[in-house]
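*Asks:* For reference, the structure I am asking about is given below.
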Amino acid sequence: MNKKHSGGESSPSTSPTRLAPSPDHGDATATPASAADPKRWWALAVIALAQLMVILDGTIVNIALPSAQRALGMPDADRQWVITAYTLAFGGLLLLGGRIADLVGRKRAFVIGLAGFAVASALGGAAAGPGTLFAARGLQGAFAAVLAPSALSLLTTTFTDPRERAKAFGVYGALAGGGSGAGLLVGGLLTEYLNWRWCLYVNVPVALAALIGAQVFLRDRSGRRGGHLDVPGVLLGSGGLVALVYGFSEAGPRGWTSPWVAAPLMAGVLLLAAFVWWQHRAAGPLLPLRIFRDRSRAGAFATMGLATIGMFGVFLFLTYYFQAVLGYPPVRTGLAFMPVSVGIVIGATQIAARLLPRTAPHTLMASGMVLAAAGMVLLSRLTVHAQYVPHVLPGLLLVGLGMGLTFMPVYATATVGVPTQDTGAASAALTTVQQIGASLGTVLLNTIATGAAGRHSRAHGPADSGTALAEAMVHGFSVAYWCSAGVLLLAALVAALTVRRGKPSQAGSKSSA
């Protein structure tokens, strides 16, 4: 535990009520308290609207993909790029986007991200061919990589009072966790009752509303004077992340032994290793490694990564289960996911936000992961003849409540105590961990489920009938859910052992990286 801090900062209290950061020593103009801004709750609404749009776009096109494929004459081999183009650009450019927010100013980066996202969405909605749609999705991901870190860092610097901060991060955590499920529902509604293009067009009015709100309600200082962009860090960090995300995305269709998978993954690891080495030497690093020196902050990052690895089994497998096994149409499939989103909202805003000012963060994180693991165990018991309310609903509610209890304190702990000039980088790093965890979890759990389904088919004879195929599929899902539960319990253990009761120490209170 760090007991000495430069700039006269006292040692962190052991009381769990010390969640809010002390004034930033790295920025003499820091706002002393969020209460000084009477528009802060309207600012939260604007930030939340933009964040919801980014989260929704990760899944909103999933259900619309078959319709888009037919309309544009898209080959089966290329359709994955509607998803992959977004995740590649988003995950690969997040660190760059976070540093841009630090250099040019968070509000300015927020506005740039919103405007670019709206233009890219309009381009994708009007696409006349697959190439235009792929390019538009890539542009969406690139501007989302600027928008998401600036949104989180604006939230961090707007709310510093412990109780208000807890409420604000409760809303943010609920959106971050529940937005994916809501995206499936919105995508199903738009596809079924309007057109697949509206899954992209819908972002335009939302972004315009957020742009107007940003000009009226958001307050922020200009970018850091004398700062410069770490170009070698951009090339190494973004290149490594793009290679990793691409390798993970190709592992499903090609297999782990394919050179199209092994080569990008190896290149990604090497580039990220070189990135870490360079960040130790760079005068103005893209990602200041001092952010991770505090044990609680590092533990929060690790908990987030493990949580997203385990969580994505829910959306990946239940989508197939609802439609292929239970025969749900798109809208009903989207509605079936809503208990997860509702559970996350309740867990984050009504439970975690109320308890965090007087409860140790690691208690909430560990408890949430245990609850989510219990929900995964319930889902592992599903059969081809299961009914939604008695068999599926309890597991979904437990997973949702557990994720809400976890995400909210993770966001608060990972960003508190970070000096103002590094909030964009810290926010980008946390979102990057989410993206990498989601990509890795999707591939690993899908590989486990596919392998288990194949072994089940071989052990029980030829799977010629639809029922036999469904039983093998559900068995594979069950094995994957058990693995998800194990990952979530590991996250609970990491949170319990690494996250301290007090707030993380002031990152980078010394000028050296």
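Ligands are numbered from 1 in the order shown, chains are lettered A, B, ... in the order of the structure tokens, and residues start at 1 in each chain.
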Which residues come within 9 Å of A:Ala452, counting only C-alpha atoms, excluding same-chain residues fewer than 5 positions away, as a list in words?

*Replies:*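 Skipping anything fewer than 5 positions along the chain leaves Thr447, Ser457, Ala472, Met473, His475, Gly476, Phe477, Ser478, Val479 and Ala480 of chain A.
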
*Asks:* Take the residues from that selection and write them out as a compact mmCIF listing (two decimals), in the first residue's frame, keeping all heavy atoms.

*Replies:*
# COMPACT_ATOMS: atom_id res chain seq x y z
N THR A 447 -15.47 -22.10 -29.01
CA THR A 447 -14.64 -23.27 -29.30
C THR A 447 -14.96 -24.40 -28.33
O THR A 447 -15.08 -25.58 -28.73
CB THR A 447 -13.15 -22.90 -29.19
OG1 THR A 447 -12.86 -21.86 -30.12
CG2 THR A 447 -12.27 -24.09 -29.48
N SER A 457 -22.24 -35.71 -29.97
CA SER A 457 -22.80 -36.36 -31.15
C SER A 457 -22.11 -37.70 -31.41
O SER A 457 -22.77 -38.71 -31.72
CB SER A 457 -22.65 -35.45 -32.37
OG SER A 457 -23.42 -34.28 -32.23
N ALA A 472 -27.29 -32.02 -28.96
CA ALA A 472 -25.84 -31.85 -28.98
C ALA A 472 -25.46 -30.38 -28.80
O ALA A 472 -24.52 -30.05 -28.06
CB ALA A 472 -25.27 -32.39 -30.29
N MET A 473 -26.22 -29.49 -29.46
CA MET A 473 -25.94 -28.06 -29.33
C MET A 473 -26.12 -27.59 -27.89
O MET A 473 -25.27 -26.89 -27.33
CB MET A 473 -26.88 -27.28 -30.26
CG MET A 473 -26.66 -25.76 -30.23
SD MET A 473 -27.94 -24.85 -31.15
CE MET A 473 -27.73 -25.56 -32.79
N HIS A 475 -26.02 -29.37 -25.17
CA HIS A 475 -24.97 -29.94 -24.33
C HIS A 475 -23.69 -29.10 -24.44
O HIS A 475 -23.03 -28.82 -23.42
CB HIS A 475 -24.67 -31.37 -24.75
CG HIS A 475 -23.48 -31.96 -24.04
ND1 HIS A 475 -23.52 -32.38 -22.73
CD2 HIS A 475 -22.19 -32.16 -24.47
CE1 HIS A 475 -22.32 -32.82 -22.38
NE2 HIS A 475 -21.50 -32.71 -23.40
N GLY A 476 -23.34 -28.68 -25.64
CA GLY A 476 -22.17 -27.83 -25.81
C GLY A 476 -22.33 -26.51 -25.06
O GLY A 476 -21.38 -26.03 -24.42
N PHE A 477 -23.51 -25.92 -25.13
CA PHE A 477 -23.76 -24.69 -24.39
C PHE A 477 -23.60 -24.91 -22.89
O PHE A 477 -23.05 -24.07 -22.18
CB PHE A 477 -25.17 -24.18 -24.68
CG PHE A 477 -25.40 -23.75 -26.10
CD1 PHE A 477 -26.69 -23.55 -26.59
CD2 PHE A 477 -24.33 -23.54 -26.97
CE1 PHE A 477 -26.91 -23.14 -27.89
CE2 PHE A 477 -24.54 -23.14 -28.28
CZ PHE A 477 -25.83 -22.95 -28.74
N SER A 478 -24.09 -26.05 -22.40
CA SER A 478 -24.02 -26.34 -20.98
C SER A 478 -22.57 -26.40 -20.49
O SER A 478 -22.22 -25.83 -19.45
CB SER A 478 -24.72 -27.67 -20.68
OG SER A 478 -24.60 -28.01 -19.32
N VAL A 479 -21.72 -27.06 -21.25
CA VAL A 479 -20.30 -27.13 -20.88
C VAL A 479 -19.68 -25.74 -20.87
O VAL A 479 -18.91 -25.38 -19.96
CB VAL A 479 -19.55 -28.06 -21.85
CG1 VAL A 479 -18.04 -28.02 -21.58
CG2 VAL A 479 -20.06 -29.49 -21.74
N ALA A 480 -20.03 -24.93 -21.86
CA ALA A 480 -19.49 -23.57 -21.93
C ALA A 480 -19.97 -22.72 -20.76
O ALA A 480 -19.22 -21.89 -20.23
CB ALA A 480 -19.88 -22.93 -23.25

*Asks:* With only C-alpha atoms as the counted atoms, please give the residues lying no more than 10 Å from A:Tyr481, apart from itself and same-chain residues fewer than 6 positions off, as a PDB file with N, CA and C atoms, in the first residue's frame.

*Replies:*
ATOM      1  N   GLY A 310     -16.377 -14.049 -19.250  1.00  0.00           N
ATOM      2  CA  GLY A 310     -17.426 -14.963 -18.803  1.00  0.00           C
ATOM      3  C   GLY A 310     -18.818 -14.556 -19.238  1.00  0.00           C
ATOM      4  N   MET A 311     -19.067 -13.247 -19.311  1.00  0.00           N
ATOM      5  CA  MET A 311     -20.421 -12.768 -19.576  1.00  0.00           C
ATOM      6  C   MET A 311     -20.884 -13.046 -20.991  1.00  0.00           C
ATOM      7  N   GLY A 313     -20.792 -15.432 -22.858  1.00  0.00           N
ATOM      8  CA  GLY A 313     -21.455 -16.696 -23.118  1.00  0.00           C
ATOM      9  C   GLY A 313     -22.969 -16.551 -23.148  1.00  0.00           C
ATOM     10  N   VAL A 314     -23.494 -15.612 -22.337  1.00  0.00           N
ATOM     11  CA  VAL A 314     -24.941 -15.423 -22.281  1.00  0.00           C
ATOM     12  C   VAL A 314     -25.469 -14.987 -23.644  1.00  0.00           C
ATOM     13  N   PHE A 317     -24.573 -17.728 -26.745  1.00  0.00           N
ATOM     14  CA  PHE A 317     -25.250 -19.023 -26.801  1.00  0.00           C
ATOM     15  C   PHE A 317     -26.759 -18.905 -26.709  1.00  0.00           C
ATOM     16  N   ALA A 373     -22.004 -16.097 -11.468  1.00  0.00           N
ATOM     17  CA  ALA A 373     -21.591 -17.488 -11.641  1.00  0.00           C
ATOM     18  C   ALA A 373     -22.740 -18.439 -11.300  1.00  0.00           C
ATOM     19  N   GLY A 375     -25.873 -17.768 -11.678  1.00  0.00           N
ATOM     20  CA  GLY A 375     -26.779 -17.708 -12.823  1.00  0.00           C
ATOM     21  C   GLY A 375     -26.310 -18.565 -13.971  1.00  0.00           C
ATOM     22  N   MET A 376     -24.997 -18.589 -14.224  1.00  0.00           N
ATOM     23  CA  MET A 376     -24.454 -19.449 -15.281  1.00  0.00           C
ATOM     24  C   MET A 376     -24.696 -20.927 -14.972  1.00  0.00           C
ATOM     25  N   VAL A 377     -24.569 -21.293 -13.708  1.00  0.00           N
ATOM     26  CA  VAL A 377     -24.820 -22.692 -13.329  1.00  0.00           C
ATOM     27  C   VAL A 377     -26.275 -23.064 -13.613  1.00  0.00           C
ATOM     28  N   LEU A 378     -27.206 -22.147 -13.307  1.00  0.00           N
ATOM     29  CA  LEU A 378     -28.612 -22.422 -13.618  1.00  0.00           C
ATOM     30  C   LEU A 378     -28.828 -22.576 -15.119  1.00  0.00           C
ATOM     31  N   LEU A 379     -28.191 -21.729 -15.914  1.00  0.00           N
ATOM     32  CA  LEU A 379     -28.335 -21.824 -17.362  1.00  0.00           C
ATOM     33  C   LEU A 379     -27.725 -23.114 -17.912  1.00  0.00           C
ATOM     34  N   SER A 380     -26.734 -23.660 -17.227  1.00  0.00           N
ATOM     35  CA  SER A 380     -26.113 -24.900 -17.693  1.00  0.00           C
ATOM     36  C   SER A 380     -27.068 -26.086 -17.602  1.00  0.00           C
ATOM     37  N   ARG A 381     -28.180 -25.922 -16.897  1.00  0.00           N
ATOM     38  CA  ARG A 381     -29.142 -27.008 -16.719  1.00  0.00           C
ATOM     39  C   ARG A 381     -30.262 -26.983 -17.757  1.00  0.00           C
ATOM     40  N   LEU A 445     -15.205 -19.518 -25.625  1.00  0.00           N
ATOM     41  CA  LEU A 445     -16.412 -20.231 -25.230  1.00  0.00           C
ATOM     42  C   LEU A 445     -17.072 -20.912 -26.418  1.00  0.00           C
ATOM     43  N   ILE A 448     -15.116 -24.066 -27.050  1.00  0.00           N
ATOM     44  CA  ILE A 448     -15.458 -25.079 -26.045  1.00  0.00           C
ATOM     45  C   ILE A 448     -16.822 -25.694 -26.337  1.00  0.00           C
ATOM     46  N   ALA A 449     -17.809 -24.853 -26.667  1.00  0.00           N
ATOM     47  CA  ALA A 449     -19.159 -25.359 -26.937  1.00  0.00           C
ATOM     48  C   ALA A 449     -19.184 -26.243 -28.176  1.00  0.00           C
ATOM     49  N   HIS A 475     -26.021 -29.374 -25.174  1.00  0.00           N
ATOM     50  CA  HIS A 475     -24.967 -29.939 -24.331  1.00  0.00           C
ATOM     51  C   HIS A 475     -23.689 -29.097 -24.435  1.00  0.00           C
ATOM     52  N   VAL A 487     -14.782 -18.897 -14.812  1.00  0.00           N
ATOM     53  CA  VAL A 487     -14.098 -17.624 -15.068  1.00  0.00           C
ATOM     54  C   VAL A 487     -14.635 -16.530 -14.152  1.00  0.00           C
TER      55      VAL A 487
END

*Asks:* Go through stretch 152-171 of chain A and flag each residue having an atom no more than 12 Å from stretch 398-404 of chain A; for those, report the closest pair of atoms plus their distance in Å to one decimal, using only C-alpha atoms, ordered by chain and rising number, as a Markdown table.

*Replies:*
| residue | atom | partner | partner_atom | distance |
| --- | --- | --- | --- | --- |
| A:Phe169 | CA | A:Gly404 | CA | 10.7 |
| A:Gly170 | CA | A:Gly404 | CA | 8.1 |
| A:Val171 | CA | A:Gly404 | CA | 9.8 |

*Asks:* Env of A:Arg297: 8 Å cut, atoms = only C-alpha atoms, seq-sep filter 5 positions within chain, self excluded. Answer as a list in words.

*Replies:*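 Non-adjacent residues within range: Ile291, Phe292, Thr413, Ala414, Thr415, Val499 and Pro504 of chain A.
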
*Asks:* So which residues touch A:Phe248 within 7 Å, counting only C-alpha atoms, skipping near sequence neighbours fewer than 3 positions away, as a list in words?

*Replies:*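 The filter keeps Leu244, Val245, Ala251, Ser439, Leu440 and Val443 of chain A.
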
*Asks:* Filtering to C-alpha atoms, could you give me those residues as a compact mmCIF listing (two decimals), in the first residue's frame?

*Replies:*
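Saved as part.txt:
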# COMPACT_ATOMS: atom_id res chain seq x y z
CA LEU A 244 -5.25 -9.59 -31.44
CA VAL A 245 -8.88 -8.71 -32.18
CA ALA A 251 -10.39 -18.30 -34.73
CA SER A 439 -13.47 -10.97 -28.26
CA LEU A 440 -11.47 -13.58 -26.35
CA VAL A 443 -13.94 -17.26 -29.33

*Asks:* Select from stretch 136-363 of chain A everything DSSP, run on the backbone, classes as helix (DSSP H, G or I), then give the selection as a count of residues only.

*Replies:* 187

*Asks:* With distances taken over only C-alpha atoms, which of A:Met408, A:Leu218, A:Leu200, A:Ile344 is nearest to A:Val111?

*Replies:*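 Using only C-alpha atoms, the shortest distance to A:Val111 belongs to A:Leu218.
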
*Asks:* When you draw a straight line from atom CA of A:Leu190 to atom CA of A:Ala71, how long is it in Å?

*Replies:* 15.4 Å

*Asks:* For A:Leu123, please output as a list in words all residues within 9 Å (counting only C-alpha atoms; exclusion window: fewer than 4 positions along the same chain).

*Replies:*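 Residues meeting the cut-off are Ala118, Val119, Ala127, Thr132, Leu133, Ala135, Ala136, Leu200 and Tyr201 of chain A.
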
*Asks:* Excluding same-chain residues fewer than 5 positions from A:Gly98, what lies within 12 Å of it counting only C-alpha atoms, as JSON, numbers by chain?

*Replies:* {"A": [90, 91, 92, 93, 103, 104, 105, 106, 109, 110, 113, 142, 143, 144, 145, 146, 147, 148, 149, 150, 151, 152, 153, 154, 229, 234, 238, 285, 286, 287, 288, 421, 422, 423, 424, 425, 426, 427, 428, 429, 430, 431, 432]}

*Asks:* Extract, using only C-alpha atoms, all DNA, RNA and protein residues at most 12 Å from A:Val261, discarding same-chain residues fewer than 4 positions from it, and format them as a compact mmCIF listing (two decimals) with all heavy atoms, in the first residue's frame.

*Replies:*
# COMPACT_ATOMS: atom_id res chain seq x y z
N ALA A 243 -4.28 -6.63 -34.32
CA ALA A 243 -3.86 -8.01 -34.62
C ALA A 243 -4.53 -9.01 -33.69
O ALA A 243 -4.99 -10.08 -34.12
CB ALA A 243 -2.34 -8.13 -34.53
N LEU A 244 -4.61 -8.68 -32.40
CA LEU A 244 -5.25 -9.59 -31.44
C LEU A 244 -6.73 -9.75 -31.74
O LEU A 244 -7.25 -10.88 -31.79
CB LEU A 244 -5.07 -9.06 -30.02
CG LEU A 244 -3.77 -9.38 -29.29
CD1 LEU A 244 -3.86 -8.90 -27.84
CD2 LEU A 244 -3.46 -10.87 -29.31
N VAL A 245 -7.44 -8.64 -31.92
CA VAL A 245 -8.88 -8.71 -32.18
C VAL A 245 -9.15 -9.48 -33.47
O VAL A 245 -10.08 -10.30 -33.55
CB VAL A 245 -9.49 -7.30 -32.22
CG1 VAL A 245 -10.95 -7.37 -32.64
CG2 VAL A 245 -9.38 -6.62 -30.87
N TYR A 246 -8.33 -9.23 -34.50
CA TYR A 246 -8.52 -9.95 -35.76
C TYR A 246 -8.29 -11.44 -35.57
O TYR A 246 -9.06 -12.27 -36.07
CB TYR A 246 -7.58 -9.40 -36.83
CG TYR A 246 -7.66 -10.15 -38.15
CD1 TYR A 246 -8.68 -9.89 -39.04
CD2 TYR A 246 -6.73 -11.14 -38.47
CE1 TYR A 246 -8.79 -10.57 -40.23
CE2 TYR A 246 -6.83 -11.84 -39.66
CZ TYR A 246 -7.85 -11.56 -40.54
OH TYR A 246 -7.95 -12.26 -41.72
N GLY A 247 -7.21 -11.79 -34.87
CA GLY A 247 -6.93 -13.21 -34.64
C GLY A 247 -8.05 -13.90 -33.90
O GLY A 247 -8.46 -15.01 -34.25
N PHE A 248 -8.58 -13.25 -32.86
CA PHE A 248 -9.69 -13.84 -32.11
C PHE A 248 -10.93 -14.00 -32.99
O PHE A 248 -11.64 -15.02 -32.92
CB PHE A 248 -10.03 -12.98 -30.90
CG PHE A 248 -8.99 -13.00 -29.82
CD1 PHE A 248 -8.76 -11.89 -29.04
CD2 PHE A 248 -8.23 -14.14 -29.57
CE1 PHE A 248 -7.81 -11.90 -28.03
CE2 PHE A 248 -7.27 -14.16 -28.58
CZ PHE A 248 -7.06 -13.03 -27.81
N SER A 249 -11.22 -12.99 -33.81
CA SER A 249 -12.42 -13.05 -34.65
C SER A 249 -12.33 -14.13 -35.72
O SER A 249 -13.35 -14.69 -36.13
CB SER A 249 -12.67 -11.68 -35.31
OG SER A 249 -11.64 -11.37 -36.22
N GLU A 250 -11.11 -14.44 -36.19
CA GLU A 250 -10.93 -15.46 -37.21
C GLU A 250 -10.82 -16.87 -36.64
O GLU A 250 -10.91 -17.85 -37.38
CB GLU A 250 -9.69 -15.14 -38.04
CG GLU A 250 -9.80 -13.91 -38.92
CD GLU A 250 -10.85 -14.10 -40.01
OE1 GLU A 250 -10.72 -15.04 -40.81
OE2 GLU A 250 -11.80 -13.30 -40.06
N ALA A 251 -10.59 -16.98 -35.32
CA ALA A 251 -10.39 -18.30 -34.73
C ALA A 251 -11.65 -19.15 -34.82
O ALA A 251 -11.57 -20.38 -34.97
CB ALA A 251 -9.95 -18.17 -33.28
N GLY A 252 -12.83 -18.50 -34.73
CA GLY A 252 -14.07 -19.26 -34.81
C GLY A 252 -14.26 -19.95 -36.15
O GLY A 252 -14.37 -21.18 -36.22
N PRO A 253 -14.29 -19.20 -37.26
CA PRO A 253 -14.52 -19.84 -38.56
C PRO A 253 -13.33 -20.64 -39.09
O PRO A 253 -13.52 -21.60 -39.84
CB PRO A 253 -14.84 -18.67 -39.48
CG PRO A 253 -14.21 -17.48 -38.85
CD PRO A 253 -14.29 -17.72 -37.38
N ARG A 254 -12.09 -20.27 -38.73
CA ARG A 254 -10.92 -20.91 -39.33
C ARG A 254 -10.26 -21.96 -38.44
O ARG A 254 -9.58 -22.85 -38.94
CB ARG A 254 -9.87 -19.85 -39.69
CG ARG A 254 -10.32 -18.85 -40.75
CD ARG A 254 -9.21 -17.85 -41.03
NE ARG A 254 -9.61 -16.81 -41.97
CZ ARG A 254 -9.48 -16.90 -43.28
NH1 ARG A 254 -8.97 -17.99 -43.82
NH2 ARG A 254 -9.85 -15.90 -44.07
N GLY A 255 -10.44 -21.86 -37.13
CA GLY A 255 -9.77 -22.79 -36.21
C GLY A 255 -8.45 -22.21 -35.71
O GLY A 255 -7.80 -21.41 -36.39
N TRP A 256 -8.04 -22.63 -34.52
CA TRP A 256 -6.87 -22.07 -33.87
C TRP A 256 -5.57 -22.40 -34.61
O TRP A 256 -4.57 -21.69 -34.47
CB TRP A 256 -6.77 -22.58 -32.43
CG TRP A 256 -7.82 -22.02 -31.53
CD1 TRP A 256 -8.97 -22.62 -31.16
CD2 TRP A 256 -7.83 -20.73 -30.91
NE1 TRP A 256 -9.70 -21.79 -30.33
CE2 TRP A 256 -9.02 -20.63 -30.16
CE3 TRP A 256 -6.95 -19.65 -30.91
CZ2 TRP A 256 -9.34 -19.50 -29.42
CZ3 TRP A 256 -7.26 -18.51 -30.17
CH2 TRP A 256 -8.45 -18.45 -29.44
N THR A 257 -5.55 -23.47 -35.37
CA THR A 257 -4.30 -23.87 -36.04
C THR A 257 -4.09 -23.16 -37.38
O THR A 257 -3.03 -23.31 -37.99
CB THR A 257 -4.29 -25.39 -36.27
OG1 THR A 257 -5.43 -25.76 -37.05
CG2 THR A 257 -4.33 -26.13 -34.94
N LEU A 265 -2.25 -13.47 -33.96
CA LEU A 265 -2.15 -13.53 -32.50
C LEU A 265 -0.71 -13.39 -32.04
O LEU A 265 -0.42 -12.66 -31.08
CB LEU A 265 -2.75 -14.84 -31.99
CG LEU A 265 -4.27 -15.00 -32.11
CD1 LEU A 265 -4.71 -16.35 -31.57
CD2 LEU A 265 -4.99 -13.88 -31.35
N MET A 266 0.21 -14.06 -32.73
CA MET A 266 1.62 -13.95 -32.36
C MET A 266 2.12 -12.52 -32.61
O MET A 266 2.84 -11.95 -31.77
CB MET A 266 2.45 -14.94 -33.17
CG MET A 266 3.93 -14.98 -32.78
SD MET A 266 4.84 -16.25 -33.70
CE MET A 266 3.98 -17.73 -33.14
N ALA A 267 1.73 -11.94 -33.74
CA ALA A 267 2.13 -10.56 -34.03
C ALA A 267 1.57 -9.60 -32.99
O ALA A 267 2.25 -8.66 -32.56
CB ALA A 267 1.66 -10.17 -35.43
N GLY A 268 0.32 -9.83 -32.58
CA GLY A 268 -0.29 -8.97 -31.57
C GLY A 268 0.45 -9.02 -30.25
O GLY A 268 0.69 -7.98 -29.61
N VAL A 443 -14.64 -16.21 -28.60
CA VAL A 443 -13.94 -17.26 -29.33
C VAL A 443 -13.70 -18.49 -28.45
O VAL A 443 -13.96 -19.63 -28.86
CB VAL A 443 -12.60 -16.73 -29.87
CG1 VAL A 443 -11.78 -17.85 -30.49
CG2 VAL A 443 -12.85 -15.65 -30.91

*Asks:* Could you work out how far atom CA of A:Leu65 lies from atom CA of A:Arg79, giving the answer in Å with one decimal?

*Replies:* 7.7 Å
